[in-house]
Amino acid sequence: MERVTLGVEKREKSGKGGARSLRRSGIIPAILYKAGNSLPVQLSGKELSRFVSRTAGEQVIVNLQFPDGTKQAIVKDYQVDPVMGNLLHVDFQEISATEAIRVMVHVAIKGEAIGVKRDKGVLQHGLREIEIECLPDKIPGHVDVDVTNMGLGQAIHVSDLKLGEGIKVLTDPDEVLATVIAVKEEVAAPEAAPVEIVEPEVIKKGKKEEEK
């Protein structure tokens, strides 16, 4: 599993005002969690934004380099400004090399299914992430799901994954990761028969009136 080192310091400023002040100076506020405890920290905005952008969708062990030592962690969550796209905040979870941890891992679909390429079906994605439990050095960056041999009506479930020794899958084994479905052909509606317009019968009154 990939490892990255980031410089980090304890954060003194708190609250929304303190967070805004830090961001204006190019610093991103963050939280380091462990066993129910939390430690406010701060990191270089440029360095952290580059890291999050490069590793999005991947699980990466981060060496958080404090002035007085290093702590290992993984990214649990992060917030991005919905309008500007700027990184606002990051949550880290501290880990221990000897303690198993529960993490969410991204599912990556690989290949083109036979049912799509040959039979004109449609590949539908199921779960985008699964939860696993293992030691930190066993955490995969992501989980590959090869759909190349999938035909129409076939599906790949969580129970079909083979992640290797030491990795326990916690997600429901019956959950679907990918399936190939047939496309229903649209039946053309029959053309409506032309409506025959019947001219109203004209009552000839003129002759009767003359006879009178």
# chains A, B, ... in the order shown; residues from 1 in each chain; ligands from 1
>>> select_by_dssp(residues="region 21-202 of chain A", states="helix (DSSP H, G or I)", output="list in words")
Ser21, Leu22, Arg23, Arg24, Gly45, Lys46, Glu47, Leu48, Ser49, Arg50, Phe51, Val52, Ser53, Arg54, Thr55, Ile114, Gly115, Val116, Lys117, Pro136, Asp137, Lys138, Val158, Ser159 and Asp160 of chain A
>>> write_last_selection(atoms="N, CA and C atoms", output="short mmCIF file (atom, residue, chain, number, x, y, z; two decimals), in the first residue's frame")
data_model
loop_
_atom_site.label_atom_id
_atom_site.label_comp_id
_atom_site.auth_asym_id
_atom_site.auth_seq_id
_atom_site.Cartn_x
_atom_site.Cartn_y
_atom_site.Cartn_z
N SER A 21 -9.83 31.95 8.87
CA SER A 21 -8.56 32.68 8.98
C SER A 21 -7.40 31.82 8.48
N LEU A 22 -7.42 30.53 8.84
CA LEU A 22 -6.36 29.62 8.40
C LEU A 22 -6.37 29.46 6.88
N ARG A 23 -7.54 29.29 6.32
CA ARG A 23 -7.64 29.08 4.86
C ARG A 23 -7.14 30.31 4.10
N ARG A 24 -7.43 31.49 4.64
CA ARG A 24 -6.94 32.71 3.98
C ARG A 24 -5.43 32.76 3.95
N GLY A 45 -2.14 23.98 2.85
CA GLY A 45 -3.25 23.83 1.92
C GLY A 45 -2.81 23.32 0.57
N LYS A 46 -1.69 23.83 0.06
CA LYS A 46 -1.19 23.42 -1.25
C LYS A 46 -0.80 21.95 -1.25
N GLU A 47 -0.08 21.54 -0.22
CA GLU A 47 0.40 20.17 -0.12
C GLU A 47 -0.76 19.19 0.08
N LEU A 48 -1.69 19.55 0.95
CA LEU A 48 -2.81 18.67 1.25
C LEU A 48 -3.77 18.56 0.07
N SER A 49 -4.02 19.66 -0.61
CA SER A 49 -4.91 19.65 -1.78
C SER A 49 -4.33 18.78 -2.88
N ARG A 50 -3.02 18.86 -3.09
CA ARG A 50 -2.37 18.04 -4.10
C ARG A 50 -2.49 16.56 -3.75
N PHE A 51 -2.32 16.24 -2.46
CA PHE A 51 -2.41 14.85 -2.00
C PHE A 51 -3.83 14.30 -2.20
N VAL A 52 -4.85 15.06 -1.78
CA VAL A 52 -6.23 14.60 -1.90
C VAL A 52 -6.62 14.43 -3.36
N SER A 53 -6.21 15.37 -4.21
CA SER A 53 -6.52 15.28 -5.63
C SER A 53 -5.87 14.06 -6.28
N ARG A 54 -4.64 13.78 -5.91
CA ARG A 54 -3.91 12.66 -6.54
C ARG A 54 -4.39 11.31 -6.05
N THR A 55 -4.87 11.22 -4.83
CA THR A 55 -5.23 9.92 -4.25
C THR A 55 -6.74 9.72 -4.12
N ILE A 114 -18.88 -9.00 -22.09
CA ILE A 114 -19.31 -9.63 -23.34
C ILE A 114 -20.77 -9.26 -23.61
N GLY A 115 -21.56 -9.25 -22.54
CA GLY A 115 -22.98 -8.94 -22.70
C GLY A 115 -23.24 -7.54 -23.21
N VAL A 116 -22.27 -6.66 -23.07
CA VAL A 116 -22.38 -5.30 -23.58
C VAL A 116 -21.82 -5.22 -24.99
N LYS A 117 -20.61 -5.76 -25.16
CA LYS A 117 -19.92 -5.67 -26.44
C LYS A 117 -20.58 -6.48 -27.54
N PRO A 136 -3.37 -2.47 8.86
CA PRO A 136 -3.11 -1.37 7.93
C PRO A 136 -2.28 -1.75 6.70
N ASP A 137 -1.27 -2.60 6.88
CA ASP A 137 -0.43 -2.93 5.73
C ASP A 137 -1.12 -3.86 4.73
N LYS A 138 -2.33 -4.34 5.07
CA LYS A 138 -3.09 -5.20 4.17
C LYS A 138 -4.16 -4.44 3.38
N VAL A 158 -20.68 -9.27 -3.87
CA VAL A 158 -19.60 -9.09 -2.90
C VAL A 158 -18.98 -10.44 -2.55
N SER A 159 -19.81 -11.48 -2.49
CA SER A 159 -19.32 -12.82 -2.14
C SER A 159 -18.36 -13.40 -3.17
N ASP A 160 -18.32 -12.82 -4.37
CA ASP A 160 -17.42 -13.31 -5.42
C ASP A 160 -16.01 -12.74 -5.31
#
>>> select_by_dssp(residues="region 6-80 of chain A", states="strand (DSSP E)", output="PyMOL selection string")
chain A and resi 6-10+27-34+37-44+61-66+69-80
>>> write_last_selection(atoms="N, CA and C atoms", output="mmCIF file, in the first residue's frame")
data_model
loop_
_atom_site.group_PDB
_atom_site.id
_atom_site.type_symbol
_atom_site.label_atom_id
_atom_site.label_comp_id
_atom_site.auth_asym_id
_atom_site.auth_seq_id
_atom_site.Cartn_x
_atom_site.Cartn_y
_atom_site.Cartn_z
ATOM 1 N N LEU A 6 3.151 13.816 5.194
ATOM 2 C CA LEU A 6 2.664 15.189 5.182
ATOM 3 C C LEU A 6 3.071 15.879 6.480
ATOM 4 N N GLY A 7 3.551 17.088 6.367
ATOM 5 C CA GLY A 7 3.879 17.869 7.551
ATOM 6 C C GLY A 7 2.611 18.378 8.219
ATOM 7 N N VAL A 8 2.534 18.285 9.551
ATOM 8 C CA VAL A 8 1.327 18.666 10.265
ATOM 9 C C VAL A 8 1.679 19.318 11.601
ATOM 10 N N GLU A 9 0.828 20.217 12.061
ATOM 11 C CA GLU A 9 1.007 20.875 13.358
ATOM 12 C C GLU A 9 -0.307 20.873 14.121
ATOM 13 N N LYS A 10 -0.232 20.952 15.431
ATOM 14 C CA LYS A 10 -1.437 21.079 16.243
ATOM 15 C C LYS A 10 -2.070 22.435 15.962
ATOM 16 N N ILE A 27 -3.622 27.632 4.849
ATOM 17 C CA ILE A 27 -3.581 26.467 5.739
ATOM 18 C C ILE A 27 -4.961 25.800 5.777
ATOM 19 N N ILE A 28 -4.985 24.453 5.781
ATOM 20 C CA ILE A 28 -6.247 23.719 5.838
ATOM 21 C C ILE A 28 -6.427 23.116 7.233
ATOM 22 N N PRO A 29 -7.554 23.381 7.898
ATOM 23 C CA PRO A 29 -7.815 22.759 9.193
ATOM 24 C C PRO A 29 -8.180 21.288 9.016
ATOM 25 N N ALA A 30 -7.827 20.476 10.008
ATOM 26 C CA ALA A 30 -8.113 19.046 9.946
ATOM 27 C C ALA A 30 -8.297 18.510 11.356
ATOM 28 N N ILE A 31 -8.781 17.276 11.441
ATOM 29 C CA ILE A 31 -8.967 16.604 12.718
ATOM 30 C C ILE A 31 -8.320 15.221 12.630
ATOM 31 N N LEU A 32 -7.605 14.834 13.676
ATOM 32 C CA LEU A 32 -7.025 13.499 13.767
ATOM 33 C C LEU A 32 -7.778 12.736 14.858
ATOM 34 N N TYR A 33 -8.490 11.674 14.458
ATOM 35 C CA TYR A 33 -9.294 10.892 15.393
ATOM 36 C C TYR A 33 -8.571 9.610 15.790
ATOM 37 N N LYS A 34 -8.816 9.172 17.040
ATOM 38 C CA LYS A 34 -8.359 7.857 17.491
ATOM 39 C C LYS A 34 -9.083 7.487 18.776
ATOM 40 N N ASN A 37 -11.185 9.895 20.685
ATOM 41 C CA ASN A 37 -10.543 11.190 20.950
ATOM 42 C C ASN A 37 -10.247 11.907 19.639
ATOM 43 N N SER A 38 -10.128 13.219 19.722
ATOM 44 C CA SER A 38 -9.842 13.993 18.510
ATOM 45 C C SER A 38 -8.798 15.055 18.807
ATOM 46 N N LEU A 39 -7.962 15.317 17.817
ATOM 47 C CA LEU A 39 -6.902 16.317 17.944
ATOM 48 C C LEU A 39 -6.993 17.278 16.757
ATOM 49 N N PRO A 40 -7.298 18.568 16.997
ATOM 50 C CA PRO A 40 -7.327 19.541 15.909
ATOM 51 C C PRO A 40 -5.909 19.773 15.368
ATOM 52 N N VAL A 41 -5.754 19.686 14.062
ATOM 53 C CA VAL A 41 -4.444 19.891 13.442
ATOM 54 C C VAL A 41 -4.594 20.787 12.221
ATOM 55 N N GLN A 42 -3.476 21.167 11.632
ATOM 56 C CA GLN A 42 -3.482 21.984 10.427
ATOM 57 C C GLN A 42 -2.336 21.576 9.520
ATOM 58 N N LEU A 43 -2.589 21.701 8.202
ATOM 59 C CA LEU A 43 -1.599 21.296 7.214
ATOM 60 C C LEU A 43 -1.518 22.341 6.111
ATOM 61 N N SER A 44 -0.442 22.293 5.353
ATOM 62 C CA SER A 44 -0.281 23.176 4.205
ATOM 63 C C SER A 44 -1.409 22.913 3.205
ATOM 64 N N ILE A 61 -1.904 5.135 3.222
ATOM 65 C CA ILE A 61 -1.431 5.395 4.577
ATOM 66 C C ILE A 61 -0.625 6.692 4.576
ATOM 67 N N VAL A 62 -0.976 7.591 5.506
ATOM 68 C CA VAL A 62 -0.319 8.889 5.593
ATOM 69 C C VAL A 62 0.554 8.939 6.841
ATOM 70 N N ASN A 63 1.808 9.295 6.655
ATOM 71 C CA ASN A 63 2.695 9.562 7.785
ATOM 72 C C ASN A 63 2.560 11.042 8.130
ATOM 73 N N LEU A 64 1.849 11.330 9.224
ATOM 74 C CA LEU A 64 1.677 12.713 9.654
ATOM 75 C C LEU A 64 2.892 13.114 10.479
ATOM 76 N N GLN A 65 3.712 13.968 9.898
ATOM 77 C CA GLN A 65 4.980 14.362 10.520
ATOM 78 C C GLN A 65 4.782 15.588 11.408
ATOM 79 N N PHE A 66 4.661 15.353 12.740
ATOM 80 C CA PHE A 66 4.576 16.434 13.710
ATOM 81 C C PHE A 66 5.993 16.899 14.068
ATOM 82 N N GLY A 69 7.354 14.156 16.354
ATOM 83 C CA GLY A 69 7.217 12.729 16.028
ATOM 84 C C GLY A 69 6.249 12.497 14.876
ATOM 85 N N THR A 70 6.030 11.220 14.552
ATOM 86 C CA THR A 70 5.184 10.848 13.413
ATOM 87 C C THR A 70 4.044 9.945 13.858
ATOM 88 N N LYS A 71 2.870 10.177 13.298
ATOM 89 C CA LYS A 71 1.716 9.312 13.525
ATOM 90 C C LYS A 71 1.213 8.808 12.182
ATOM 91 N N GLN A 72 0.801 7.538 12.136
ATOM 92 C CA GLN A 72 0.254 6.985 10.908
ATOM 93 C C GLN A 72 -1.261 7.148 10.909
ATOM 94 N N ALA A 73 -1.802 7.456 9.734
ATOM 95 C CA ALA A 73 -3.243 7.682 9.635
ATOM 96 C C ALA A 73 -3.726 7.389 8.217
ATOM 97 N N ILE A 74 -5.050 7.343 8.078
ATOM 98 C CA ILE A 74 -5.681 7.279 6.766
ATOM 99 C C ILE A 74 -6.724 8.388 6.689
ATOM 100 N N VAL A 75 -7.073 8.796 5.497
ATOM 101 C CA VAL A 75 -8.107 9.823 5.319
ATOM 102 C C VAL A 75 -9.476 9.166 5.438
ATOM 103 N N LYS A 76 -10.284 9.646 6.373
ATOM 104 C CA LYS A 76 -11.644 9.124 6.535
ATOM 105 C C LYS A 76 -12.662 9.927 5.737
ATOM 106 N N ASP A 77 -12.438 11.224 5.630
ATOM 107 C CA ASP A 77 -13.399 12.069 4.914
ATOM 108 C C ASP A 77 -12.759 13.422 4.639
ATOM 109 N N TYR A 78 -13.312 14.144 3.680
ATOM 110 C CA TYR A 78 -12.864 15.516 3.437
ATOM 111 C C TYR A 78 -14.016 16.312 2.842
ATOM 112 N N GLN A 79 -13.950 17.626 3.021
ATOM 113 C CA GLN A 79 -14.991 18.520 2.543
ATOM 114 C C GLN A 79 -14.419 19.468 1.495
ATOM 115 N N VAL A 80 -15.214 19.682 0.444
ATOM 116 C CA VAL A 80 -14.812 20.567 -0.648
ATOM 117 C C VAL A 80 -15.890 21.613 -0.847
#
>>> closest_residue(among="A:Gly26, A:Cys134, A:Glu165, A:Val180", to="Ser96 (chain A)", atoms="only C-alpha atoms")
A:Cys134
>>> closest_residue(among="A:Arg3, A:His142, A:Lys168, A:Lys16", to="His89 (chain A)", atoms="only C-alpha atoms")
A:Lys16
>>> atom_distance(atom1="CA of Gly126 (chain A)", atom2="CA of Gly151 (chain A)")
16.2 Å
>>> residues_around(residues="Ile156 (chain A)", least_positions_apart="5", cutoff="8 Å", atoms="only C-alpha atoms", output="VMD selection string")
chain A and resid 147 176 to 179
>>> atom_distance(atom1="CA of Ala97 (chain A)", atom2="CA of Glu12 (chain A)")
28.7 Å
>>> atom_distance(atom1="CA of Ala100 (chain A)", atom2="CA of Thr171 (chain A)")
16.2 Å
>>> closest_residue(among="A:Val105, A:Met150, A:Leu87, A:Val122", to="Leu163 (chain A)", atoms="only C-alpha atoms")
A:Val105
>>> closest_residue(among="A:Pro140, A:Met104, A:Lys110, A:Leu88", to="Arg20 (chain A)", atoms="only C-alpha atoms")
A:Leu88
